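A.B. asks: Submitted below is the structure of interest, expressed as structure tokens.
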Amino acid sequence: MKKSIALFIAVLFLCSCEDFLDRQSLDQVGTESFYKTASDANLAAIGMYSSMQAIDWWGQAWKILEIPSDNSTAGGNDPDFSPIDNFTHNPENGPNNMFWSEHYKLVTLANQVLQYVPDIEMDLDAKNSILGEARFLRAYAYFDLVRIYGAVPLVTRVPSLDQDLLIPRNAVDEVYALIKEDLEFAADHLPEGRAAADAGRATSVAAKALLAKVHLTLREANEALVLTREIVAANTHQLMSDPGSNWLKSESDNNAEAIFQIQYTGCGPGGTGNAQQAFFAPWGENITRAGDGWGSQIPTSPTIDNPGTTIKDLFDPEDLRAYHTIMSPGDEYPMINAEDGGYRYPSTGASRSGVSIKKYVIGGGADVCFMSTPQNAHVIRYADVLLSLVEAACMLNGGITVTEDAVDAYNQVRLRAGLSTVSVVTIDEVFDERRREFAFENQRWFDLLRSGNAVETMRLHGKQMQDFHVLFPIPAAEIAINPNLSQNPGY
């Protein structure tokens with residue numbers, strides 16, 4: 001699928017250049033000559049995933065989903081995301097505008113598939129599977145949008161010149177209703193697994209896992225528990241035996257734990273490589289061998305943040321995940337640039353917090369270029385399903401659980417990390433475990449919001465977060481072109 005997406009992007013680029021001076025009407029581009037055959041439908045489905053590969057999507061999503069949290073801080077004084085770190089951002093903020101626009105690009109691509117593929121004569125099951133992919137991806141985009149902005153415009157069809165394009169914000173419950181409807185359809189019509197050639201395309205397991213997270217967010221614990229138990233019982237995914245396997249280039253891509261990943265090809269056409277190493281690798285260490293590695297996002301630590309509140313504080317000394325998550329002084333990584341004898345993190349540190357991010361930092365190589373590695377990005381891992389099951393069980397019982405399968409799910413994650421087992425789990429312990437397990441995977445901000453403790457947590461961490469900061473501002477550029485959009489309070 002990686003090569004298919006790259007080809008699709010290249011074809012779109014060439015076609016757009018050739019036809020630039022002879023355009024059709026905006027609401028007719030591509031529809032007369034495309035969306036005619038089953039092959040067209042399949043190519044359009046693959047093309048939807050291209051927007052998620054973009055540097056402005058996953059490559060920089062951490063600016064919105066990690067930087068405002070207690071896990072991460074800006075590596076320097078960047079005018080774009082330092083204000084997010086300090087809760088002084090405004091509607092003109094660049095990363096905020098980018099987050100909005102990139103998610104609506106995916107909505108648009110999904111809507112094209114949903115509008116045009118139903119008219120194609122093809123096998124019904126294959127058609128419904130493609131429609132399931134589109135609805136999964138649209139739901140994914142809207143789930144991000146509603147959690148970041150609250151009420152957002154629901155766009156469910158391809159815009160045309162004869163319709164009102166100045167759409168106001170829909171109520172939050174309307175957005176969630178569409179998300180649920182889309183994911184339920186996807187869960188019913190997508191295959192349980194994918195052949196190697198289609199690795200990375202959405203599955204029914206991915207749809208159920210995302211729907212379970214939706215239910216948890218809405219405090220619909222019973223529904224989340226049913227879905228996560230179904231996934232566990234199906235036994236289609238397992239934890240990798242070593243937590244480091246998820247961060248080794250040779251073992252991470254589409255492995256047994258991966259439920260949904262963004263697929264990448266290093267040194268391919270623009271936008272098909274993973275840019276996270278460029279931002280995470282420590283500044284001045286030449287790890288990437290590609291001229292990047294800026295340490296833009298760094299872990300929080302007691303060196304610069306309130307002790308006892310940082311991600312560095314949270315790891316026990318025996319936790320195997322720490323080594324694969326955070327580079328600490330003196331840590332040696334023989335797998336990074338092994339041909340040069342590996343890499344040793346400086347004894348004095350290589351960031352203002354004294355530590356750096358290890359996840360997604362893999363070093364140089366023939367398939368690593370400037371802002372581009374071939375390593376896939378984890379979006380949903382089986383560990384997430386296990387901890388979602390535990391969270392749902394705790395929620396159903398006043399914040400604590402002794403339920404056998406929930407405690408077992410929690411202990412699976414702990415045992416894999418080299419930690420002792422427990423017989424009782426509290427909801428606070430679940431969120432702490434999630435913080436350790438998914439640090440720098442664009443989950444922490446959403447976890448803080450779902451816990452209901454975001455403001456309290458960030459104030460203890462030393463940040464001046466106000467109640468209204470649980471939502472980001474509607475981008476000023478969007479309001480400028482659509483006066484029917486109202487601004488969130490506080491901005």
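A note on labels: chains of the structure tokens are A, B, ... as shown, every chain counts residues from 1, and ligands are counted from 1 in their shown order.
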Counting only C-alpha atoms, which residues of segment 257-318 of chain A sit at most 9 Å from some atom of segment 356-360 of chain A, and what is each one's closest atom pair with its distance in Å to one decimal, listed by chain and rising residue number, as CSV?
C.D. replies:
```
residue,atom,partner,partner_atom,distance
A:Asn274,CA,A:Tyr360,CA,8.7
A:Gln276,CA,A:Tyr360,CA,6.4
A:Gln277,CA,A:Tyr360,CA,5.5
A:Phe280,CA,A:Ile357,CA,5.7
A:Ala281,CA,A:Ile357,CA,6.7
A:Pro282,CA,A:Ser356,CA,6.0
A:Gly295,CA,A:Ser356,CA,7.2
A:Gln297,CA,A:Ile357,CA,7.7
A:Ile298,CA,A:Ser356,CA,5.3
A:Pro299,CA,A:Ser356,CA,6.0
```
A.B. asks: Could you build a table of the residues in segment 31-128 of chain A lying no more than 9 Å from segment 430-448 of chain A, giving for each the nearest pair of atoms and their separation in Å rounded to one decimal place, using only C-alpha atoms, ordered by chain and ascending residue number, as JSON lines?
C.D. replies:
```
{"residue": "A:Trp58", "atom": "CA", "partner": "A:Asn442", "partner_atom": "CA", "distance": 8.7}
{"residue": "A:Ala61", "atom": "CA", "partner": "A:Asn442", "partner_atom": "CA", "distance": 7.1}
{"residue": "A:Trp62", "atom": "CA", "partner": "A:Asn442", "partner_atom": "CA", "distance": 5.7}
{"residue": "A:Ile64", "atom": "CA", "partner": "A:Trp445", "partner_atom": "CA", "distance": 8.1}
{"residue": "A:Leu65", "atom": "CA", "partner": "A:Asn442", "partner_atom": "CA", "distance": 5.1}
{"residue": "A:Glu66", "atom": "CA", "partner": "A:Asn442", "partner_atom": "CA", "distance": 5.7}
{"residue": "A:Ile67", "atom": "CA", "partner": "A:Trp445", "partner_atom": "CA", "distance": 8.2}
{"residue": "A:Pro68", "atom": "CA", "partner": "A:Trp445", "partner_atom": "CA", "distance": 6.9}
{"residue": "A:Ser69", "atom": "CA", "partner": "A:Trp445", "partner_atom": "CA", "distance": 5.4}
{"residue": "A:Asp70", "atom": "CA", "partner": "A:Arg444", "partner_atom": "CA", "distance": 8.1}
{"residue": "A:Asn71", "atom": "CA", "partner": "A:Ala439", "partner_atom": "CA", "distance": 6.8}
{"residue": "A:Ser72", "atom": "CA", "partner": "A:Phe440", "partner_atom": "CA", "distance": 7.7}
```
A.B. asks: Can you list every residue in segment 133-357 of chain A that DSSP puts in helix (DSSP H, G or I), as a ChimeraX atom specification?
C.D. replies: /A:133-149,172-189,196-198,204-217,221-234,243-247,276-280,311-314,321-325,338-340
A.B. asks: Near Tyr49 of chain A, within 9 Å and counting only C-alpha atoms, which residues show up once chain neighbours fewer than 6 positions away are dropped, as a ChimeraX atom specification?
C.D. replies: /A:5,106,109,137,200-201,262-263
A.B. asks: Please compute the atom CA of Ala338 of chain A-atom CA of Asn286 of chain A distance, one decimal, in Å.
C.D. replies: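 About the pair atom CA of Ala338 of chain A and atom CA of Asn286 of chain A: they are 13.8 Å apart.
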A.B. asks: Going by DSSP on the backbone, which bits of segment 230-273 of chain A are strand (DSSP E or B)? Write them as a list in words, please.
C.D. replies: Ala258, Ile259, Phe260, Gln261 and Ile262 of chain A
A.B. asks: My list of candidates is A:Val214, A:Asn376, A:Pro79, A:Ala141. Which is closest to Ser250 of chain A when distances are computed with only C-alpha atoms?
C.D. replies: A:Asn376
A.B. asks: Within 9 Å of Glu223 of chain A, counting only C-alpha atoms, which residues show up once you throw out same-chain ones fewer than 6 positions away? Write them as a VMD selection string, please.
C.D. replies: chain A and resid 212 215 to 216 392
A.B. asks: Which residues, written as a count of residues only, have at least one atom at most 6 Å from segment 397-414 of chain A, with only C-alpha atoms counted and residues fewer than 3 positions away on the same chain left out?
C.D. replies: 10
A.B. asks: With only C-alpha atoms as the atoms that count, which of A:Leu389, A:Met98, A:Ala139, A:Ala480 lies nearest to Lys63 of chain A?
C.D. replies: A:Met98
A.B. asks: Which residues, written as a list of chain:residue names, have at least one atom at most 12 Å from Asp125 of chain A, with only C-alpha atoms counted and residues fewer than 5 positions away on the same chain left out?
C.D. replies: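 Counting only C-alpha atoms, the residues come to A:Ala38, A:Pro118, A:Ile130, A:Leu131, A:Gly132, A:Asp188, A:His189, A:Leu190, A:Pro191.
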A.B. asks: Just to confirm, what's the straight-line distance from atom CA of Phe87 of chain A to atom CA of Phe472 of chain A in Å (one decimal)?
C.D. replies: 9.8 Å
A.B. asks: Which of these residues is nearest to Ala202 of chain A, using only C-alpha atoms: A:Asn254, A:Thr88, A:Gln163, A:Gln464?
C.D. replies: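 The closest residue to Ala202 of chain A is A:Asn254.
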A.B. asks: May I ask for the distance between atom CA of Ala278 of chain A and atom CA of Ser241 of chain A, given in Å to one decimal place?
C.D. replies: 28.0 Å
